[in-house]
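Novice: Hey, dropping data_4.txt in here, compact mmCIF, C-alpha atoms:
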# COMPACT_ATOMS: atom_id res chain seq x y z
CA MET G 1 151.93 140.82 143.23
CA LEU G 2 154.26 141.73 146.10
CA ARG G 3 156.07 145.03 145.59
CA SER G 4 159.07 144.28 147.79
CA GLY G 5 160.31 141.28 145.84
CA LEU G 6 159.99 139.14 149.00
CA GLU G 7 157.71 136.18 149.20
CA PRO G 8 157.16 133.58 151.87
CA VAL G 9 158.73 130.42 150.49
CA ILE G 10 157.87 126.98 151.75
CA VAL G 11 161.08 125.15 152.49
CA ARG G 12 161.23 121.40 152.98
CA GLN G 13 162.79 120.54 156.32
CA PRO G 14 163.46 117.20 157.93
CA ARG G 15 160.34 115.83 159.49
CA LEU G 16 161.15 116.99 162.99
CA PHE G 17 158.63 119.76 163.47
CA GLY G 18 156.69 119.50 160.21
CA ARG G 19 157.04 122.62 157.93
CA ALA G 20 159.06 125.82 158.46
CA ILE G 21 158.69 129.30 156.89
CA SER G 22 161.66 131.13 155.28
CA THR G 23 161.78 134.83 154.24
CA ARG G 24 164.74 134.68 151.91
CA VAL G 25 164.55 136.56 148.53
CA ASN G 26 163.20 134.53 145.68
CA PRO G 27 165.71 135.22 142.88
CA VAL G 28 163.25 134.33 140.09
CA LEU G 29 160.57 136.74 141.36
CA ALA G 30 163.10 139.50 141.93
CA GLU G 31 164.38 139.21 138.37
CA ASN G 32 160.86 139.19 136.89
CA GLU G 33 159.87 142.20 138.95
CA LYS G 34 162.96 144.06 137.75
CA LYS G 35 162.00 143.37 134.13
CA LEU G 36 158.43 144.48 134.82
CA LYS G 37 159.59 147.79 136.26
CA LEU G 38 161.87 148.42 133.31
CA SER G 39 159.04 147.78 130.88
CA PHE G 40 157.13 150.78 132.23
CA ARG G 41 160.06 153.17 132.05
CA LYS G 42 159.69 155.97 129.46
CA VAL G 43 162.53 155.73 126.98
CA ASN G 44 163.53 158.64 124.77
CA SER G 45 163.77 157.22 121.27
CA ASN G 46 166.11 160.04 120.23
CA ALA G 47 168.42 159.72 123.24
CA GLY G 48 172.06 160.10 122.37
CA GLY G 49 171.23 161.58 118.98
CA LYS G 50 170.41 158.19 117.48
CA LYS G 51 168.11 158.14 114.47
CA ARG G 52 165.58 155.49 113.68
CA LYS G 53 166.76 153.16 110.95
CA GLY G 54 164.73 152.40 107.85
CA SER G 55 162.43 154.52 105.73
CA GLY G 56 160.57 155.87 108.76
CA ASN G 57 157.25 156.05 106.93
CA HIS G 58 154.28 155.84 109.26
CA LYS G 59 151.70 157.24 106.81
CA SER G 60 148.85 155.39 105.19
CA PHE G 61 149.10 154.61 101.48
CA LYS G 62 146.96 157.58 100.40
CA ASP G 63 148.81 160.01 102.68
CA LEU G 64 152.14 158.66 101.44
CA ILE G 65 151.13 159.27 97.82
CA ILE G 66 150.37 162.90 98.64
CA ALA G 67 153.52 163.44 100.70
CA SER G 68 155.82 161.79 98.14
CA ASN G 69 155.29 164.57 95.58
CA PHE G 70 154.76 162.19 92.67
CA LYS G 71 153.42 165.08 90.58
CA GLN G 72 157.05 166.02 89.82
CA TYR G 73 157.19 162.99 87.51
CA ALA G 74 154.05 164.00 85.63
CA LYS G 75 154.37 165.32 82.09
CA GLN G 76 154.51 169.08 82.38
CA THR G 77 154.68 171.55 79.54
CA GLU G 78 156.54 172.41 76.40
CA GLY G 79 158.77 175.44 76.73
CA GLY G 80 157.38 176.19 80.18
CA GLN G 81 153.93 177.06 78.80
CA THR G 82 150.79 175.13 79.66
CA LEU G 83 149.34 173.00 76.92
CA ILE G 84 145.76 173.52 78.08
CA ASN G 85 143.59 176.54 78.74
CA GLU G 86 142.90 177.92 82.20
CA LEU G 87 139.62 177.95 84.09
CA LEU G 88 138.72 181.65 83.88
CA PRO G 89 135.28 183.28 84.22
CA PHE G 90 135.71 185.98 81.49
CA ILE G 91 133.07 188.06 83.25
CA ASP G 92 134.32 191.42 81.99
CA SER G 93 135.26 190.33 78.47
CA GLN G 94 133.58 189.03 75.35
CA GLN G 95 135.68 185.88 75.23
CA ASP G 96 133.68 182.66 75.32
CA PHE G 97 133.98 180.29 78.24
CA LYS G 98 135.63 176.97 77.36
CA ILE G 99 133.21 174.04 77.49
CA ASP G 100 134.01 170.33 77.24
CA GLU G 101 137.73 170.93 77.69
CA ILE G 102 140.34 169.91 80.22
CA LEU G 103 141.23 173.15 82.00
CA SER G 104 143.95 173.96 84.51
CA TYR G 105 143.50 176.24 87.48
CA PRO G 106 145.14 179.66 87.01
CA ASN G 107 148.17 180.37 89.16
CA GLN G 108 146.50 183.36 90.80
CA SER G 109 143.85 181.14 92.35
CA LEU G 110 145.77 177.83 92.61
CA LYS G 111 147.80 179.04 95.60
CA SER G 112 144.59 179.99 97.42
CA LEU G 113 143.03 176.62 96.61
CA TYR G 114 145.95 174.82 98.22
CA HIS G 115 145.57 176.97 101.34
CA PHE G 116 141.83 176.23 101.42
CA GLY G 117 142.41 172.47 101.27
CA SER G 118 140.25 172.23 98.16
CA PHE G 119 141.97 169.16 96.68
CA ASN G 120 141.07 165.85 98.31
CA HIS G 121 143.46 162.92 98.69
CA ASN G 122 141.26 160.56 96.68
CA GLN G 123 141.13 162.71 93.52
CA TYR G 124 144.45 161.44 92.07
CA ASN G 125 145.69 164.97 91.42
CA GLU G 126 149.27 163.70 91.66
CA ILE G 127 149.00 162.33 88.09
CA ASN G 128 149.20 165.93 86.86
CA PHE G 129 151.90 168.48 87.47
CA LYS G 130 149.08 170.94 88.18
CA PRO G 131 145.49 169.96 89.07
CA VAL G 132 143.10 169.99 86.13
CA SER G 133 139.36 169.46 85.68
CA LEU G 134 136.83 169.07 82.92
CA SER G 135 134.53 172.01 82.21
CA ARG G 136 131.03 170.62 81.69
CA ASN G 137 127.96 172.17 80.17
CA SER G 138 125.78 170.47 82.81
CA THR G 139 127.68 171.75 85.87
CA THR G 140 130.43 174.30 85.18
CA VAL G 141 128.17 176.61 83.17
CA PRO G 142 125.42 176.74 85.86
CA ILE G 143 127.99 177.37 88.61
CA LEU G 144 129.52 180.17 86.53
CA ASN G 145 126.08 181.72 85.99
CA PHE G 146 125.45 181.50 89.74
CA LEU G 147 128.71 183.36 90.33
CA LYS G 148 127.88 186.10 87.83
CA ASN G 149 124.41 186.65 89.32
CA SER G 150 125.70 186.78 92.90
CA LEU G 151 128.72 189.07 92.56
CA ASN G 152 126.73 192.21 93.28
CA ASN G 153 123.72 190.78 95.09
CA CYS G 154 122.91 189.91 98.70
CA SER G 155 123.74 186.36 99.75
CA ILE G 156 120.18 185.70 100.99
CA ASN G 157 119.15 185.25 97.35
CA ASN G 158 122.22 183.21 96.42
CA ARG G 159 122.24 179.99 98.42
CA LEU G 160 123.14 176.87 96.46
CA ILE G 161 123.63 173.23 97.38
CA ILE G 162 125.50 170.79 95.10
CA THR G 163 124.10 167.25 95.18
CA GLY G 164 124.75 163.97 93.39
CA GLY G 165 125.97 160.42 93.82
CA LYS G 166 129.29 159.31 95.23
CA GLY G 167 132.28 160.13 93.03
CA VAL G 168 130.45 162.19 90.39
CA GLY G 169 132.53 165.33 91.03
CA LYS G 170 130.72 167.45 93.63
CA SER G 171 133.91 168.48 95.43
CA THR G 172 135.59 169.15 92.08
CA LEU G 173 132.73 171.43 91.09
CA LEU G 174 133.03 173.25 94.40
CA THR G 175 136.76 173.71 93.70
CA GLN G 176 135.91 175.06 90.24
CA PHE G 177 133.60 177.59 91.86
CA GLN G 178 136.27 178.65 94.35
CA SER G 179 138.74 179.15 91.51
CA LEU G 180 136.26 181.17 89.44
CA ALA G 181 135.36 183.27 92.47
CA LYS G 182 139.02 183.99 93.31
CA SER G 183 139.61 184.98 89.67
CA SER G 184 136.73 187.45 90.15
CA ASN G 185 138.41 189.10 93.17
CA SER G 186 136.19 187.51 95.79
CA ILE G 187 136.80 186.43 99.38
CA ILE G 188 136.30 182.75 100.18
CA LEU G 189 135.48 181.35 103.62
CA PRO G 190 136.28 177.63 103.15
CA ILE G 191 134.96 174.78 105.29
CA SER G 192 136.68 171.93 103.49
CA TYR G 193 135.55 168.98 105.60
CA CYS G 194 132.42 169.31 107.72
CA ASP G 195 132.90 165.93 109.37
CA SER G 196 135.78 167.25 111.46
CA LEU G 197 133.35 169.61 113.22
CA ILE G 198 131.25 166.78 114.62
CA ASP G 199 133.45 163.66 114.75
CA GLY G 200 135.06 164.43 118.11
CA SER G 201 138.52 165.07 116.66
CA ASN G 202 138.83 168.65 117.94
CA ASP G 203 139.05 170.17 121.39
CA PHE G 204 136.06 172.18 122.60
CA ILE G 205 135.21 174.58 125.41
CA TYR G 206 131.89 175.93 126.65
CA ASP G 207 131.10 179.64 126.54
CA GLN G 208 128.81 180.51 129.44
CA THR G 209 127.90 183.87 127.90
CA LEU G 210 126.88 182.65 124.43
CA LYS G 211 125.74 179.22 125.64
CA LEU G 212 127.74 177.68 122.80
CA TYR G 213 130.71 175.38 122.44
CA HIS G 214 133.83 176.68 120.70
CA GLN G 215 136.51 174.63 118.96
CA PRO G 216 139.66 176.73 119.42
CA MET G 217 142.18 174.61 117.50
CA TYR G 218 139.86 174.23 114.53
CA LEU G 219 139.28 177.99 114.59
CA THR G 220 143.04 178.55 114.61
CA ARG G 221 143.45 176.50 111.43
CA LEU G 222 140.38 178.06 109.80
CA LEU G 223 141.50 181.64 110.46
CA ASN G 224 144.91 180.79 109.04
CA LYS G 225 143.30 179.34 105.89
CA ILE G 226 141.14 182.42 105.42
CA ARG G 227 144.04 184.83 105.90
CA LYS G 228 146.48 183.03 103.58
CA GLY G 229 143.92 182.35 100.84
CA ASN G 230 142.54 185.91 100.81
CA GLU G 231 145.61 187.88 101.82
CA LEU G 232 145.38 190.53 99.09
CA GLU G 233 141.70 191.34 99.65
CA LEU G 234 141.94 191.30 103.45
CA SER G 235 144.95 193.64 103.34
CA LEU G 236 142.78 196.27 101.64
CA LEU G 237 139.91 196.04 104.13
CA LYS G 238 140.10 197.99 107.40
CA LEU G 239 138.22 197.48 110.65
CA SER G 240 135.08 199.62 110.73
CA LYS G 241 135.21 200.10 114.52
CA ASP G 242 137.64 199.86 117.40
CA VAL G 243 138.02 196.33 118.73
CA LYS G 244 139.47 195.30 122.09
CA ILE G 245 140.48 191.70 122.66
CA SER G 246 142.21 190.91 125.94
CA ASN G 247 144.39 193.95 126.55
CA ILE G 248 145.01 194.76 122.86
CA ILE G 249 143.10 197.50 121.03
CA PHE G 250 142.75 197.36 117.26
CA GLU G 251 141.99 200.80 115.84
CA ALA G 252 139.27 201.42 113.28
CA ASN G 253 140.31 202.51 109.76
CA LYS G 254 143.95 201.67 110.56
CA THR G 255 144.13 197.94 111.23
CA SER G 256 143.54 195.78 108.16
CA LEU G 257 141.69 192.50 108.45
CA ASN G 258 144.88 190.73 107.40
CA GLU G 259 146.81 192.30 110.29
CA PHE G 260 143.90 191.54 112.59
CA LEU G 261 143.97 187.82 111.71
CA LEU G 262 147.75 187.70 111.83
CA LYS G 263 147.62 188.89 115.43
CA SER G 264 145.19 186.10 116.31
CA LYS G 265 147.99 183.53 115.89
CA SER G 266 149.73 184.74 119.06
CA MET G 267 146.58 185.04 121.17
CA LYS G 268 145.33 182.47 123.65
CA LEU G 269 142.89 179.84 122.46
CA GLU G 270 140.04 181.32 124.49
CA PHE G 271 140.05 184.42 122.25
CA LYS G 272 139.94 182.62 118.88
CA PHE G 273 136.17 182.79 118.50
CA LYS G 274 136.22 186.54 119.18
CA PHE G 275 138.51 187.01 116.17
CA PHE G 276 136.25 184.80 114.05
CA GLU G 277 133.14 186.68 115.20
CA ILE G 278 134.63 190.10 114.38
CA LEU G 279 135.84 188.85 110.98
CA ILE G 280 132.38 187.58 110.01
CA GLU G 281 130.81 190.83 111.16
CA GLU G 282 133.25 192.96 109.16
CA LEU G 283 132.88 190.87 106.01
CA SER G 284 129.10 191.00 106.29
CA LEU G 285 129.09 194.82 106.46
CA GLN G 286 131.65 195.68 103.77
CA LYS G 287 130.60 196.06 100.11
CA LYS G 288 133.97 196.22 98.39
CA TYR G 289 134.38 192.48 97.76
CA PRO G 290 131.92 189.61 97.25
CA VAL G 291 132.16 187.02 100.03
CA TYR G 292 131.37 183.33 99.56
CA LEU G 293 131.01 180.71 102.26
CA THR G 294 131.84 177.32 100.71
CA VAL G 295 131.12 174.15 102.70
CA ASP G 296 132.13 170.67 101.56
CA ASN G 297 130.55 167.52 103.07
CA PHE G 298 127.58 169.56 104.32
CA SER G 299 125.50 166.36 104.46
CA ALA G 300 127.42 165.38 107.60
CA PHE G 301 125.07 167.63 109.58
CA ALA G 302 122.00 165.89 108.17
CA SER G 303 123.30 162.35 108.61
CA SER G 304 124.69 162.86 112.14
CA PRO G 305 122.96 165.83 113.81
CA PHE G 306 124.12 164.63 117.23
CA THR G 307 127.90 164.87 117.37
CA LYS G 308 130.50 162.57 118.94
CA TYR G 309 131.05 165.23 121.60
CA ARG G 310 129.32 164.90 124.98
CA ASN G 311 128.32 167.43 127.61
CA VAL G 312 128.90 167.27 131.37
CA ASN G 313 125.88 164.97 131.69
CA ASN G 314 127.43 162.55 129.18
CA LYS G 315 124.75 163.37 126.59
CA PRO G 316 125.56 163.81 122.87
CA ILE G 317 125.67 167.48 121.82
CA TYR G 318 123.50 168.70 118.94
CA PHE G 319 125.67 170.16 116.18
CA THR G 320 124.20 173.71 116.23
CA ASP G 321 125.34 174.03 119.84
CA PHE G 322 128.80 174.53 118.35
CA SER G 323 129.59 178.08 117.29
CA ILE G 324 131.13 177.30 113.88
CA ALA G 325 128.35 174.93 112.84
CA LYS G 326 125.75 177.44 114.03
CA ASN G 327 127.29 180.16 111.87
CA ILE G 328 127.22 177.84 108.85
CA ILE G 329 123.53 177.09 109.37
CA ASP G 330 122.72 180.78 109.98
CA PHE G 331 124.21 181.72 106.59
CA ALA G 332 122.70 178.68 104.85
CA SER G 333 119.24 179.65 106.12
CA GLY G 334 119.63 183.35 105.32
CA LYS G 335 119.52 184.43 108.96
CA LYS G 336 122.97 185.96 108.45
CA ILE G 337 123.94 187.56 105.15
CA PHE G 338 126.75 189.11 103.15
CA ASN G 339 125.94 192.31 101.28
CA ARG G 340 127.60 190.81 98.23
CA GLY G 341 128.22 187.13 97.60
CA GLY G 342 126.58 183.83 98.39
CA ILE G 343 126.62 180.42 100.06
CA VAL G 344 127.69 177.24 98.23
CA LEU G 345 127.22 173.90 99.99
CA SER G 346 128.19 170.46 98.75
CA THR G 347 126.97 167.06 99.91
CA SER G 348 129.05 163.87 100.10
CA GLY G 349 128.30 160.31 99.04
CA ILE G 350 130.01 158.87 102.10
CA HIS G 351 127.17 159.90 104.40
CA ARG G 352 124.05 157.94 105.15
CA SER G 353 121.15 159.32 103.12
CA ASN G 354 117.96 160.35 104.88
CA ASP G 355 114.92 162.56 104.36
CA THR G 356 116.28 165.76 105.94
CA LEU G 357 117.83 167.34 102.85
CA ASN G 358 115.12 165.97 100.57
CA VAL G 359 112.50 167.75 102.66
CA ALA G 360 114.65 170.91 102.77
CA LEU G 361 114.85 170.84 98.96
CA LYS G 362 111.08 170.25 98.69
CA LYS G 363 111.52 166.90 96.98
CA ILE G 364 109.32 165.01 99.42
CA GLU G 365 106.84 165.81 102.15
CA PRO G 366 108.00 165.41 105.77
CA ASP G 367 107.02 162.23 107.56
CA PRO G 368 105.95 163.12 111.12
CA TYR G 369 106.47 159.52 112.24
CA ALA G 370 110.00 159.12 110.82
CA PRO G 371 112.66 158.34 113.46
CA PHE G 372 115.18 161.07 114.17
CA TYR G 373 118.08 159.34 112.41
CA LYS G 374 116.02 159.39 109.19
CA PHE G 375 114.61 162.90 109.49
CA ASP G 376 115.69 165.94 111.50
CA PRO G 377 112.68 168.31 111.44
CA LYS G 378 114.62 171.12 113.11
CA LEU G 379 117.36 171.27 110.45
CA ALA G 380 114.90 170.82 107.58
CA SER G 381 112.72 173.70 108.79
CA ILE G 382 115.73 176.00 109.20
CA LEU G 383 116.96 175.32 105.67
CA LEU G 384 113.48 176.05 104.27
CA GLU G 385 113.57 179.62 105.60
CA ASN G 386 113.85 182.59 103.19
CA ASN G 387 112.69 180.54 100.18
CA GLY G 388 115.12 177.70 100.83
CA LEU G 389 118.17 176.49 98.92
CA LYS G 390 118.69 176.15 95.20
CA GLU G 391 119.94 172.76 94.02
CA LEU G 392 122.53 171.88 91.39
CA ASN G 393 122.63 168.14 90.74
CA VAL G 394 125.86 166.69 89.30
CA PRO G 395 125.23 163.86 86.79
CA LYS G 396 127.66 161.17 85.69
CA PHE G 397 129.87 161.71 82.65
CA ASN G 398 128.47 160.79 79.27
CA LYS G 399 130.61 158.94 76.72
CA ASP G 400 131.74 162.13 75.01
CA GLU G 401 133.02 163.56 78.29
CA LEU G 402 134.77 160.29 79.12
CA LYS G 403 136.42 160.35 75.70
CA ILE G 404 137.82 163.82 76.39
CA MET G 405 139.32 162.53 79.64
CA LEU G 406 140.66 159.39 77.96
CA ASN G 407 142.34 161.36 75.16
CA TYR G 408 143.92 163.62 77.75
CA PHE G 409 145.29 160.62 79.66
CA CYS G 410 146.74 159.13 76.47
CA THR G 411 148.22 162.42 75.24
CA ASN G 412 149.91 163.11 78.56
CA GLU G 413 151.14 159.51 78.89
CA ILE G 414 149.17 158.93 82.07
CA ILE G 415 148.13 155.62 80.53
CA GLU G 416 149.62 153.74 77.62
CA HIS G 417 149.14 155.64 74.38
CA GLU G 418 146.76 154.08 71.86
CA ASN G 419 147.47 154.87 68.19
CA ASP G 420 144.60 153.04 66.56
CA LEU G 421 141.25 154.83 66.72
CA GLN G 422 139.47 151.49 66.95
CA ASP G 423 141.58 150.59 69.97
CA ILE G 424 140.66 153.89 71.63
CA GLU G 425 136.96 153.28 71.03
CA LYS G 426 137.31 149.77 72.39
CA LEU G 427 139.14 151.09 75.45
CA LEU G 428 136.49 153.79 75.92
CA ASN G 429 133.67 151.24 75.90
CA SER G 430 135.56 149.13 78.41
CA LYS G 431 136.21 152.08 80.73
CA TYR G 432 132.61 153.24 80.45
CA ILE G 433 131.42 149.88 81.78
CA LEU G 434 134.13 149.70 84.47
CA SER G 435 133.22 153.19 85.67
CA GLY G 436 129.60 152.25 86.30
CA ASN G 437 128.33 154.00 83.17
CA GLY G 438 130.24 157.22 83.60
CA ASN G 439 131.20 157.72 87.24
CA PRO G 440 134.30 159.96 86.90
CA SER G 441 135.94 158.79 90.13
CA GLU G 442 135.69 155.13 89.12
CA PHE G 443 136.81 156.00 85.59
CA ILE G 444 140.01 157.70 86.80
CA LYS G 445 140.65 154.86 89.22
CA SER G 446 140.30 152.27 86.45
CA CYS G 447 142.76 154.21 84.28
CA VAL G 448 145.35 155.05 86.92
CA VAL G 449 145.21 152.24 89.48
CA ASN G 450 143.91 149.25 87.52
CA TYR G 451 145.14 149.90 84.02
CA HIS G 452 147.21 146.73 83.48
Let me see the structure of the file written as structure tokens.

Specialist:
Amino acid sequence: MLRSGLEPVIVRQPRLFGRAISTRVNPVLAENEKKLKLSFRKVNSNAGGKKRKGSGNHKSFKDLIIASNFKQYAKQTEGGQTLINELLPFIDSQQDFKIDEILSYPNQSLKSLYHFGSFNHNQYNEINFKPVSLSRNSTTVPILNFLKNSLNNCSINNRLIITGGKGVGKSTLLTQFQSLAKSSNSIILPISYCDSLIDGSNDFIYDQTLKLYHQPMYLTRLLNKIRKGNELELSLLKLSKDVKISNIIFEANKTSLNEFLLKSKSMKLEFKFKFFEILIEELSLQKKYPVYLTVDNFSAFASSPFTKYRNVNNKPIYFTDFSIAKNIIDFASGKKIFNRGGIVLSTSGIHRSNDTLNVALKKIEPDPYAPFYKFDPKLASILLENNGLKELNVPKFNKDELKIMLNYFCTNEIIEHENDLQDIEKLLNSKYILSGNGNPSEFIKSCVVNYH
């Protein structure tokens, strides 16, 4: 393409001297070139104060459901009081824990759970004014016992991993644990979605001193989650030693951890890991509050040990070369500890299954000839250290548990109310089959999305 808009044009002349060359402007080319230039011009969509017409929704269906606040249309309460009991540990009282009941999360912990990002988009929580869950004898009771036994003990002896099939309620059980722990005046360090640490969605920088990669923007969000979800506890904890970051000095026994994290918001990205490092160190040393590291989608590390990030040689980076992931593995293996508290990990059904976690849980023997994508010997050996992890497997719902959920849906008009007991039993049998013999995620989907 000629940039000047001029092109030699062959002009037909009388046959005196054959052909002649003309350099006049070709109007067609000039007009096309003008249009081409205009097509690359950056246009401000808000120029002149004009607003885009239409609904303006650019979200996916699931994101739109969350953003639309449909929970405001859910049946709430009578007289402003909840109709169902709350999920409380009752550790210091003689009151019995509620089993096989639909329980709501207490207000004192619900705010923290929202800050932690504990509720996933695919859990259909918008059908309730407040999120609820079923307390189960097979899962909620063991997780409560784990909490009671770990409140005053070192985290090296309290390392648990929640396993199970896709949609059986592993993330919900992890949320139940977070709520119970917050009701017991504990500090939670939440990693709500492990995939975002390895999927290439965050920025990263290399630390020449530590020989590790940091993810500053992820750390910014994580520190904010920790501060907002544990504001009361962190306000009562003071730094045990003087800390200098950049040109700012934080004095020992004067600066609270809440003030310390609040200051991190205004600091440059290169200092974010320093704040995280000091926070972990302080929480590991103090004995006033139990501290729990909760990690959802932990199986992402086992299914994809090499991340989507690449080094300067264009080679994939192993996940423990990142500072946050390394800290998670150090606590999961018992290399790092909290004086009081524990580690609770949860797997996800969306990840490709392999032998790594099965070997780490001593379910099978390692295969020395297995390819790396099926078995990561390095991760398995690390997780086996210090007597390894304890496992809590989440089973599907039985018919009695599904009936509790179904009655709750009918009572709260989430689905059409059934008056005849025979009709309810018939509906229960139908939903049991549609849910794949008790998968709670499929059961809720069949009731809410595919009812008619």

Novice: What is the atom CA of G:Thr175-atom CA of G:Val291 distance in Å, reported with one decimal?

Specialist: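 According to the coordinates, atom CA of G:Thr175 and atom CA of G:Val291 are separated by 15.4 Å.
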
Novice: Report, in Å with one decimal, the straight-line distance from atom CA of G:Gly229 to atom CA of G:Gln178.

Specialist: 10.7 Å

Novice: For atom CA of G:His214 and atom CA of G:Pro190, determine how far apart the two atoms are, in Å to one decimal place.

Specialist: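 So the answer is 17.7 Å.
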
Novice: Excluding G:Lys362 and residues on its chain fewer than 4 positions from it, collect all residues at most 12 Å away from it, counting only C-alpha atoms, and give them as a PDB file with C-alpha atoms, in the coordinates of the input.

Specialist:
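Output (part-v6.pdb):
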ATOM      1  CA  ASP G 355     114.920 162.560 104.360  1.00  0.00           C
ATOM      2  CA  THR G 356     116.280 165.760 105.940  1.00  0.00           C
ATOM      3  CA  LEU G 357     117.830 167.340 102.850  1.00  0.00           C
ATOM      4  CA  ASN G 358     115.120 165.970 100.570  1.00  0.00           C
ATOM      5  CA  PRO G 366     108.000 165.410 105.770  1.00  0.00           C
ATOM      6  CA  ALA G 380     114.900 170.820 107.580  1.00  0.00           C
ATOM      7  CA  SER G 381     112.720 173.700 108.790  1.00  0.00           C
ATOM      8  CA  LEU G 383     116.960 175.320 105.670  1.00  0.00           C
ATOM      9  CA  LEU G 384     113.480 176.050 104.270  1.00  0.00           C
ATOM     10  CA  GLU G 385     113.570 179.620 105.600  1.00  0.00           C
ATOM     11  CA  ASN G 387     112.690 180.540 100.180  1.00  0.00           C
ATOM     12  CA  GLY G 388     115.120 177.700 100.830  1.00  0.00           C
ATOM     13  CA  LEU G 389     118.170 176.490  98.920  1.00  0.00           C
ATOM     14  CA  LYS G 390     118.690 176.150  95.200  1.00  0.00           C
ATOM     15  CA  GLU G 391     119.940 172.760  94.020  1.00  0.00           C
TER      16      GLU G 391
END

Novice: Given the choices G:Thr139, G:Gln208, G:Thr294, G:Asn157, which gets closest to G:Ser118 if the distance is worked out from only C-alpha atoms?

Specialist: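 Ranked by minimum distance to G:Ser118, first place goes to G:Thr294.
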
Novice: Would you mind telling me which residue in G:Gln215, G:Asn149, G:Ser303, G:Asn339 lies nearest to G:Leu285 when using only C-alpha atoms?

Specialist: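 With only C-alpha atoms as the atom set, the closest residue is G:Asn339.
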